[in-house]
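Listing of protein-v7.txt; format and content: compact mmCIF, C-alpha atoms.
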# COMPACT_ATOMS: atom_id res chain seq x y z
CA MET A 1 11.03 -14.55 -18.06
CA PHE A 2 8.83 -12.84 -20.66
CA LEU A 3 5.62 -11.14 -19.56
CA THR A 4 3.17 -12.47 -22.13
CA VAL A 5 1.15 -14.91 -20.02
CA PRO A 6 -2.57 -14.41 -19.24
CA THR A 7 -3.16 -14.40 -15.49
CA ARG A 8 -5.40 -17.45 -15.46
CA VAL A 9 -2.74 -19.75 -16.99
CA MET A 10 0.33 -18.30 -15.31
CA PRO A 11 0.78 -21.21 -12.88
CA PHE A 12 0.89 -23.61 -15.83
CA LEU A 13 3.02 -21.81 -18.41
CA LEU A 14 5.41 -20.28 -15.88
CA SER A 15 5.96 -23.75 -14.43
CA GLY A 16 8.32 -24.20 -17.38
CA LEU A 17 10.79 -22.23 -15.26
CA ILE A 18 10.50 -24.77 -12.43
CA SER A 19 12.33 -28.08 -11.99
CA TRP A 20 10.35 -31.33 -11.99
CA PRO A 21 10.42 -31.61 -8.18
CA GLY A 22 9.24 -28.03 -8.06
CA LYS A 23 6.40 -28.77 -10.48
CA LEU A 24 5.26 -31.66 -8.31
CA ARG A 25 5.30 -29.32 -5.32
CA MET A 26 3.24 -26.77 -7.25
CA ALA A 27 0.65 -29.42 -8.07
CA LEU A 28 -0.07 -29.80 -4.35
CA ASP A 29 -2.04 -26.56 -4.61
CA LEU A 30 -4.82 -28.65 -6.13
CA VAL A 31 -5.36 -30.56 -2.88
CA MET A 32 -4.09 -28.20 -0.19
CA PRO A 33 -6.56 -26.85 2.39
CA ARG A 34 -7.35 -23.18 2.78
CA GLY A 35 -5.06 -20.96 4.81
CA ARG A 36 -5.86 -19.73 8.30
CA GLY A 37 -6.51 -16.17 7.15
CA GLY A 38 -4.77 -13.08 8.42
CA ASP A 39 -1.87 -11.21 6.87
CA GLU A 40 1.24 -13.01 5.66
CA SER A 41 4.05 -12.26 3.26
CA ILE A 42 3.78 -12.96 -0.44
CA GLY A 43 6.75 -15.30 -0.06
CA SER A 44 5.01 -17.23 2.72
CA PHE A 45 1.78 -17.51 0.72
CA VAL A 46 3.36 -18.59 -2.56
CA GLY A 47 5.79 -20.90 -0.75
CA ARG A 48 2.96 -22.49 1.20
CA ARG A 49 0.91 -23.18 -1.90
CA PHE A 50 3.56 -23.71 -4.61
CA GLY A 51 6.93 -24.21 -2.88
CA ARG A 52 10.03 -22.06 -2.41
CA GLU A 53 11.24 -22.58 -5.97
CA ALA A 54 8.12 -20.82 -7.20
CA VAL A 55 8.89 -17.96 -4.81
CA GLU A 56 12.46 -17.57 -6.05
CA LYS A 57 11.79 -17.98 -9.78
CA ILE A 58 8.31 -16.50 -10.20
CA ALA A 59 6.97 -14.48 -7.27
CA GLU A 60 10.21 -12.79 -6.24
CA PRO A 61 11.18 -11.35 -9.66
CA LEU A 62 7.62 -10.29 -10.42
CA MET A 63 7.30 -8.55 -7.06
CA ALA A 64 10.73 -6.95 -7.43
CA GLY A 65 9.54 -5.44 -10.72
CA ILE A 66 6.38 -4.01 -9.14
CA PHE A 67 7.04 -3.37 -5.45
CA VAL A 68 10.88 -3.34 -5.48
CA ALA A 69 11.14 -5.41 -2.29
CA PRO A 70 11.66 -9.11 -1.40
CA ALA A 71 8.56 -11.32 -1.51
CA ASP A 72 9.20 -12.43 2.07
CA ARG A 73 8.86 -8.83 3.22
CA LEU A 74 5.74 -7.79 1.32
CA SER A 75 2.25 -8.01 2.79
CA LEU A 76 -0.08 -10.13 0.68
CA ARG A 77 -3.15 -8.45 2.14
CA SER A 78 -1.88 -4.98 1.19
CA THR A 79 -0.57 -5.88 -2.28
CA PHE A 80 -2.63 -8.78 -3.71
CA PRO A 81 -5.66 -9.27 -1.43
CA ARG A 82 -7.45 -10.96 -4.31
CA PHE A 83 -5.25 -14.03 -3.84
CA LEU A 84 -6.44 -14.32 -0.24
CA ASP A 85 -10.03 -14.05 -1.47
CA LEU A 86 -9.48 -16.69 -4.14
CA GLU A 87 -7.98 -19.09 -1.62
CA LYS A 88 -10.90 -18.52 0.72
CA GLU A 89 -13.52 -18.89 -2.02
CA LYS A 90 -12.02 -21.61 -4.25
CA ARG A 91 -9.31 -23.19 -2.03
CA SER A 92 -7.04 -24.01 -5.02
CA LEU A 93 -5.44 -21.00 -6.69
CA ILE A 94 -4.72 -22.99 -9.87
CA LEU A 95 -8.38 -23.95 -10.28
CA ALA A 96 -9.51 -20.41 -9.43
CA LEU A 97 -7.15 -18.77 -11.95
CA ARG A 98 -8.15 -21.20 -14.70
CA LYS A 99 -11.75 -20.02 -14.40
CA MET A 100 -10.84 -16.36 -14.73
CA PRO A 101 -11.28 -14.78 -18.19
CA SER A 102 -8.10 -13.98 -20.08
CA GLY A 103 -7.69 -10.69 -21.87
CA GLY A 104 -5.24 -9.05 -24.22
CA ASN A 105 -2.57 -6.59 -23.25
CA PRO A 106 -3.54 -5.48 -19.69
CA PHE A 107 -1.30 -2.41 -19.78
CA ARG A 108 -2.79 1.03 -20.34
CA THR A 109 -1.37 4.54 -20.33
CA LEU A 110 -2.09 8.02 -21.64
CA ARG A 111 -1.03 8.74 -25.22
CA GLY A 112 0.55 12.05 -24.30
CA GLY A 113 2.36 10.72 -21.25
CA MET A 114 1.47 10.90 -17.57
CA SER A 115 1.97 14.66 -17.46
CA THR A 116 -1.32 15.01 -19.35
CA LEU A 117 -3.09 13.69 -16.25
CA VAL A 118 -1.53 16.42 -14.11
CA ASP A 119 -2.36 19.06 -16.73
CA ALA A 120 -5.99 17.90 -16.88
CA LEU A 121 -6.34 18.00 -13.10
CA ARG A 122 -4.91 21.52 -13.00
CA ASP A 123 -7.29 22.67 -15.73
CA GLN A 124 -10.27 21.27 -13.81
CA LEU A 125 -9.43 23.26 -10.68
CA THR A 126 -11.25 26.38 -11.76
CA GLY A 127 -11.42 29.09 -9.12
CA ALA A 128 -8.55 27.53 -7.16
CA GLU A 129 -4.99 28.74 -6.75
CA VAL A 130 -2.48 26.18 -8.03
CA LEU A 131 1.13 26.57 -6.94
CA LEU A 132 3.63 24.57 -8.97
CA ALA A 133 7.28 23.91 -8.04
CA SER A 134 6.50 25.19 -4.52
CA PRO A 135 7.43 22.46 -2.03
CA ALA A 136 5.87 22.66 1.41
CA ARG A 137 8.31 23.46 4.22
CA GLY A 138 6.04 23.10 7.23
CA VAL A 139 2.51 22.43 8.46
CA GLU A 140 1.08 24.22 11.50
CA ARG A 141 -2.16 23.76 13.41
CA ARG A 142 -4.17 26.99 13.56
CA ARG A 143 -7.20 27.87 15.64
CA SER A 144 -9.59 27.29 12.73
CA GLY A 145 -7.61 25.02 10.45
CA TRP A 146 -4.09 24.55 9.12
CA ARG A 147 -1.33 26.67 7.66
CA ILE A 148 1.10 25.29 5.08
CA GLU A 149 4.41 27.11 4.74
CA PHE A 150 6.11 27.44 1.35
CA ASP A 151 9.35 29.08 0.26
CA GLY A 152 7.45 32.10 -0.98
CA GLY A 153 4.78 32.40 1.68
CA SER A 154 1.96 30.38 3.21
CA VAL A 155 -1.67 29.37 2.77
CA GLU A 156 -4.36 28.69 5.38
CA ALA A 157 -7.27 26.31 4.97
CA ASP A 158 -9.87 24.36 6.92
CA HIS A 159 -8.39 21.12 5.65
CA ALA A 160 -4.81 20.06 4.85
CA ILE A 161 -4.46 17.01 2.62
CA LEU A 162 -0.94 15.59 2.41
CA ALA A 163 -0.59 13.56 -0.79
CA CYS A 164 3.21 13.47 -0.69
CA PRO A 165 5.44 10.44 0.02
CA ALA A 166 5.17 9.25 3.61
CA PRO A 167 8.71 10.32 4.65
CA LYS A 168 7.93 13.89 3.54
CA ALA A 169 4.56 13.81 5.32
CA ALA A 170 6.22 12.57 8.52
CA ALA A 171 8.78 15.38 8.38
CA LEU A 172 6.09 18.02 7.83
CA LEU A 173 4.00 16.76 10.76
CA ARG A 174 6.80 16.15 13.25
CA GLU A 175 5.82 19.21 15.34
CA ALA A 176 2.11 19.56 14.57
CA ALA A 177 1.12 15.88 14.93
CA PRO A 178 4.04 13.90 16.41
CA GLU A 179 2.14 10.67 17.08
CA ALA A 180 0.83 10.54 13.50
CA ALA A 181 4.28 11.49 12.18
CA SER A 182 5.83 8.57 14.09
CA ARG A 183 3.39 6.09 12.57
CA ILE A 184 3.83 7.55 9.07
CA ALA A 185 7.62 7.35 9.39
CA SER A 186 7.34 3.59 10.08
CA ILE A 187 6.32 3.01 6.44
CA PRO A 188 9.60 2.19 4.66
CA TYR A 189 10.51 3.70 1.31
CA VAL A 190 13.27 2.70 -1.13
CA SER A 191 15.01 4.38 -4.07
CA THR A 192 14.78 3.30 -7.70
CA ALA A 193 15.92 4.51 -11.10
CA THR A 194 15.15 3.72 -14.70
CA VAL A 195 17.23 4.06 -17.84
CA THR A 196 15.31 4.63 -21.06
CA LEU A 197 17.13 3.79 -24.30
CA ALA A 198 15.90 4.56 -27.82
CA TYR A 199 17.15 2.61 -30.85
CA ARG A 200 16.67 3.57 -34.49
CA SER A 201 15.95 0.46 -36.61
CA PRO A 202 17.96 -1.88 -34.35
CA SER A 203 19.57 -4.99 -35.81
CA ILE A 204 17.35 -7.16 -33.60
CA GLN A 205 13.81 -6.80 -32.35
CA PRO A 206 12.65 -8.33 -29.05
CA PRO A 207 10.42 -11.42 -29.20
CA GLU A 208 6.69 -11.17 -28.68
CA GLY A 209 5.96 -9.82 -25.22
CA THR A 210 6.36 -6.70 -23.15
CA GLY A 211 9.69 -7.29 -21.39
CA PHE A 212 11.30 -9.49 -18.77
CA VAL A 213 11.97 -9.72 -15.07
CA LEU A 214 15.00 -11.35 -13.47
CA PRO A 215 15.23 -13.72 -10.49
CA LYS A 216 17.74 -12.70 -7.84
CA GLY A 217 19.65 -15.90 -8.50
CA GLU A 218 20.61 -14.63 -11.95
CA HIS A 219 22.88 -12.04 -10.25
CA ARG A 220 22.10 -9.37 -12.82
CA ARG A 221 22.56 -5.66 -12.25
CA ILE A 222 19.09 -4.67 -13.43
CA LEU A 223 15.77 -5.73 -11.93
CA ALA A 224 13.74 -5.88 -15.12
CA CYS A 225 13.32 -4.44 -18.60
CA THR A 226 10.18 -3.16 -20.32
CA TRP A 227 9.91 -2.91 -24.10
CA SER A 228 7.91 0.31 -24.06
CA SER A 229 7.45 0.32 -27.84
CA SER A 230 5.76 -3.10 -27.57
CA LYS A 231 3.88 -2.38 -24.37
CA PHE A 232 2.20 0.86 -25.43
CA GLU A 233 1.07 2.27 -28.75
CA GLY A 234 2.68 5.40 -30.12
CA ARG A 235 5.83 5.23 -28.02
CA ALA A 236 8.23 4.77 -30.96
CA PRO A 237 8.06 4.93 -34.78
CA GLU A 238 7.49 1.65 -36.61
CA GLY A 239 10.67 -0.39 -36.65
CA ASP A 240 12.30 1.53 -33.80
CA LEU A 241 12.72 0.25 -30.27
CA LEU A 242 12.22 1.97 -26.92
CA VAL A 243 13.24 0.07 -23.79
CA ARG A 244 13.37 0.89 -20.09
CA CYS A 245 15.67 -0.82 -17.59
CA PHE A 246 14.94 -0.78 -13.84
CA PHE A 247 17.50 -0.36 -11.06
CA GLY A 248 17.46 -0.22 -7.29
CA GLY A 249 14.88 -1.34 -4.78
CA ALA A 250 15.35 -2.89 -1.35
CA GLY A 251 18.93 -4.04 -0.86
CA ARG A 252 20.01 -2.53 -4.20
CA GLU A 253 19.49 1.17 -3.65
CA ASP A 254 23.14 2.02 -4.26
CA ARG A 255 22.69 1.00 -7.89
CA ALA A 256 19.82 3.48 -8.32
CA LEU A 257 22.01 6.29 -6.98
CA ALA A 258 25.03 5.58 -9.21
CA PRO A 259 26.19 8.26 -11.69
CA GLU A 260 24.03 8.56 -14.80
CA ASP A 261 26.81 7.50 -17.18
CA ASP A 262 27.34 4.33 -15.14
CA LEU A 263 23.64 3.49 -15.22
CA VAL A 264 23.46 3.90 -19.00
CA ARG A 265 26.60 1.81 -19.46
CA VAL A 266 25.30 -1.00 -17.23
CA ALA A 267 21.92 -0.99 -18.97
CA ARG A 268 23.60 -1.33 -22.38
CA GLU A 269 25.88 -4.12 -21.14
CA GLU A 270 22.97 -6.04 -19.64
CA LEU A 271 20.86 -5.72 -22.81
CA ARG A 272 23.77 -6.88 -24.91
CA GLU A 273 24.28 -9.97 -22.75
CA LEU A 274 20.60 -10.78 -22.24
CA MET A 275 19.12 -9.82 -25.62
CA GLY A 276 22.08 -9.56 -27.97
CA LEU A 277 21.26 -5.87 -28.43
CA ALA A 278 24.67 -4.38 -29.26
CA ASP A 279 23.51 -1.34 -31.27
CA PRO A 280 24.37 2.09 -29.84
CA PRO A 281 21.21 3.89 -28.67
CA ALA A 282 20.12 7.02 -30.47
CA ALA A 283 19.15 8.55 -27.13
CA SER A 284 19.18 7.73 -23.43
CA HIS A 285 17.64 9.24 -20.33
CA VAL A 286 17.94 8.44 -16.63
CA PHE A 287 15.05 8.99 -14.21
CA ARG A 288 15.53 8.70 -10.45
CA TRP A 289 13.04 8.32 -7.61
CA PRO A 290 15.04 8.67 -4.36
CA ALA A 291 13.13 7.31 -1.35
CA ALA A 292 9.91 7.49 -3.39
CA ASN A 293 8.75 3.84 -3.54
CA PRO A 294 6.72 2.61 -0.55
CA VAL A 295 7.22 -0.94 0.72
CA TYR A 296 4.04 -2.55 2.04
CA GLU A 297 5.51 -4.83 4.69
CA VAL A 298 3.50 -7.48 6.54
CA GLY A 299 1.20 -5.60 8.90
CA HIS A 300 0.92 -2.56 6.62
CA ASP A 301 -2.88 -2.53 6.82
CA ALA A 302 -2.63 -2.43 10.63
CA ARG A 303 -0.34 0.60 10.41
CA VAL A 304 -2.82 2.39 8.15
CA ALA A 305 -5.68 1.47 10.51
CA GLU A 306 -3.70 2.98 13.39
CA LEU A 307 -3.27 6.19 11.40
CA ASP A 308 -7.02 6.24 10.76
CA ARG A 309 -7.50 6.03 14.53
CA ILE A 310 -5.05 8.87 15.26
CA LEU A 311 -5.97 11.43 12.57
CA PRO A 312 -9.45 12.34 13.92
CA SER A 313 -7.66 13.91 16.89
CA HIS A 314 -6.29 16.43 14.37
CA PRO A 315 -9.45 17.79 12.69
CA GLY A 316 -8.93 18.81 9.10
CA LEU A 317 -5.73 16.79 8.60
CA HIS A 318 -5.83 14.04 5.95
CA LEU A 319 -3.44 11.65 4.21
CA THR A 320 -3.60 10.08 0.78
CA GLY A 321 -1.16 8.85 -1.86
CA ALA A 322 0.85 5.76 -2.70
CA GLY A 323 2.11 5.16 0.81
CA TYR A 324 -1.16 3.97 2.29
CA ARG A 325 -3.83 2.10 0.30
CA GLY A 326 -2.21 1.13 -3.00
CA VAL A 327 0.86 2.11 -5.00
CA GLY A 328 -0.72 2.18 -8.47
CA ILE A 329 -2.23 5.25 -10.10
CA PRO A 330 -5.76 3.71 -10.10
CA ASP A 331 -5.33 2.99 -6.36
CA CYS A 332 -4.28 6.58 -5.69
CA ILE A 333 -7.18 7.95 -7.74
CA HIS A 334 -9.62 5.74 -5.85
CA ASP A 335 -8.27 6.78 -2.45
CA SER A 336 -8.20 10.49 -3.27
CA SER A 337 -11.71 10.29 -4.74
CA ARG A 338 -12.91 8.60 -1.54
CA LEU A 339 -11.39 11.38 0.52
CA ALA A 340 -12.76 14.14 -1.72
CA SER A 341 -16.29 12.66 -1.48
CA ARG A 342 -16.02 12.58 2.29
CA LEU A 343 -15.00 16.24 2.46
CA SER A 344 -17.42 17.61 -0.15
Same coordinates, now as structure tokens:
Amino acid sequence: MFLTVPTRVMPFLLSGLISWPGKLRMALDLVMPRGRGGDESIGSFVGRRFGREAVEKIAEPLMAGIFVAPADRLSLRSTFPRFLDLEKEKRSLILALRKMPSGGNPFRTLRGGMSTLVDALRDQLTGAEVLLASPARGVERRRSGWRIEFDGGSVEADHAILACPAPKAAALLREAAPEAASRIASIPYVSTATVTLAYRSPSIQPPEGTGFVLPKGEHRRILACTWSSSKFEGRAPEGDLLVRCFFGGAGREDRALAPEDDLVRVAREELRELMGLADPPAASHVFRWPAANPVYEVGHDARVAELDRILPSHPGLHLTGAGYRGVGIPDCIHDSSRLASRLS
């Protein structure tokens, strides 16, 4: 499945993956009534409007590539609330998506890599002390604020903002705010890994697009593959190829934790079978994110609302980051900006 389809025509072009009975089932979206509202899983929503085949061949692999969890487990309200709005406003998703403007490549990044964002933030923090490579070991409530313990010492402040993954936040707050820690710990996280491979003037070039995702029924060992040199400018010299293969996620975490040599070997074997790419890579690199990917299960927004109710009983304690109100970088920026405005 190649990711080259504008959002507004996805139900039509991607229906080429669906059998004729499945296409007829998808067409029922045109006459189906609106849903009852409330949270439901992505699998339930897509299955209700387009049928289970659309879940298995379209929604599931796309969600696995983004949220690394089964569609039947993911909250629609917390991941794609816009679909709920479209159903409420337009009733038919197909008709609603057809009216949306189509654009070019929707993917954006920083030319110098994501580390330039961190460097820019650090440079903007004039007059502040920035401690790098200094993981927090504990958080304590003080009479007039909070104290954060580090390997080399501690800092005290009126406010403590935990922007770390939820499991780390729960561990830090286990003694200082046990009720909040319990709620935070209920947000599941999974492990993932990527293998980046660089090819000098490969014998084949990928077709037009940005990569592919794989339905579970294909029984492949990777979740998806991104052609980084096609997706973003300046990622590889002209004629060279840079690709990234994804491993792990819910139910597949053991693959993400396999030895690096095994991951590189599997990535090469999969690309050879799927793309015919048999050339040896000029370079390879494995990145791991153990227990670093939040899973927004059905009811996630209720869990976050419960945290919002509990935290005021701990003045000066705040949470932000990918575990709560959006996993993407723009979501995290929006949430942290909201919090910063409230505290300024």
Atomic separation - atom CA of Ala64 of chain A relative to atom CA of Val213 of chain A, Å: 8.2 Å
What is the atom CA of Ala302 of chain A-atom CA of Ala59 of chain A distance in Å, reported with one decimal? 23.6 Å
Residues within 8 Å of His318 of chain A, please, as a list in words. Count only C-alpha atoms; anything in the same chain fewer than 6 positions from it doesn't count.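 Counting only C-alpha atoms, the residues come to His159, Ala160, Ile161, Leu162 and Leu311 of chain A.
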For Ile42 of chain A, list every protein, DNA or RNA residue within 10 Å, evaluated using only C-alpha atoms, and leave out those in the same chain fewer than 3 positions away; present the list as a list in words.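 Close residues of Ile42 of chain A: Asp39, Phe45, Val46, Gly47, Arg48, Val55, Ala59, Glu60, Met63, Pro70, Ala71, Asp72, Arg73, Leu74, Ser75, Leu76, Arg77, Ser78, Thr79, Phe80, Phe83, Glu297 and Val298 of chain A.
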Report, as AutoDock Vina command-line options, the axis-aligned box around all atoms of segment 289-295 of chain A present in the file, extended by 6 Å on each side; give centre and edge lengths in Å to one decimal place.
--center_x 10.9 --center_y 3.9 --center_z -3.4 --size_x 20.3 --size_y 21.6 --size_z 20.3
I'd like the neighbourhood of Arg268 of chain A as a list of chain:residue names, where a residue qualifies if any of its atoms comes within 8 Å (using only C-alpha atoms), though same-chain residues fewer than 4 positions away should be ignored. A:Val264, A:Arg272, A:Leu277, A:Ala278
Hey, can you spit out that residue selection with C-alpha atoms as a PDB file, in the coordinates of the input?
ATOM      1  CA  VAL A 264      23.460   3.900 -19.000  1.00  0.00           C
ATOM      2  CA  ARG A 272      23.770  -6.880 -24.910  1.00  0.00           C
ATOM      3  CA  LEU A 277      21.260  -5.870 -28.430  1.00  0.00           C
ATOM      4  CA  ALA A 278      24.670  -4.380 -29.260  1.00  0.00           C
TER       5      ALA A 278
END
Which residues of segment 50-130 of chain A sit at most 10 Å from segment 187-208 of chain A, using all atoms listed in the file? Give each one's shortest atom pair and distance in Å (one decimal place), in chain and ascending residue order, as a Markdown table.
| residue | atom | partner | partner_atom | distance |
| --- | --- | --- | --- | --- |
| A:Phe67 | CA | A:Val190 | CA | 9.7 |
| A:Val68 | CA | A:Val190 | CA | 7.8 |
| A:Ala69 | CA | A:Val190 | CA | 8.5 |
Interatomic distance between atom CA of Ala136 of chain A and atom CA of His334 of chain A? 24.1 Å
Within 12 Å of file point (6.3, -22.4, -5.3), counting all atoms listed in the file, expressed as a VMD selection string: chain A and resid 11 to 12 14 to 15 17 to 29 42 to 60 71 93 to 94
Given all atoms listed in the file as the counted atoms, nearest of A:Pro167, A:Gly217, A:Gly127, A:Gly234 to Ala185 of chain A: A:Pro167
Pick out the closest residue to Arg255 of chain A from this set: A:Ala96, A:Leu274, A:Ile222, A:Ala170. Count all atoms listed in the file.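 Smallest separation from Arg255 of chain A among the options: A:Ile222.
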Identify which of the residues A:Ser182, A:Ser115, A:Thr320, A:Thr109 lies closest to Ile333 of chain A, counting only C-alpha atoms when measuring atom-to-atom distances.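 Using only C-alpha atoms, the shortest distance to Ile333 of chain A belongs to A:Thr320.
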Using all atoms listed in the file, pick whichever of A:Val155, A:Ala267, A:Val118, A:Leu339 has the shortest atom-to-atom distance to Ser134 of chain A. A:Val155
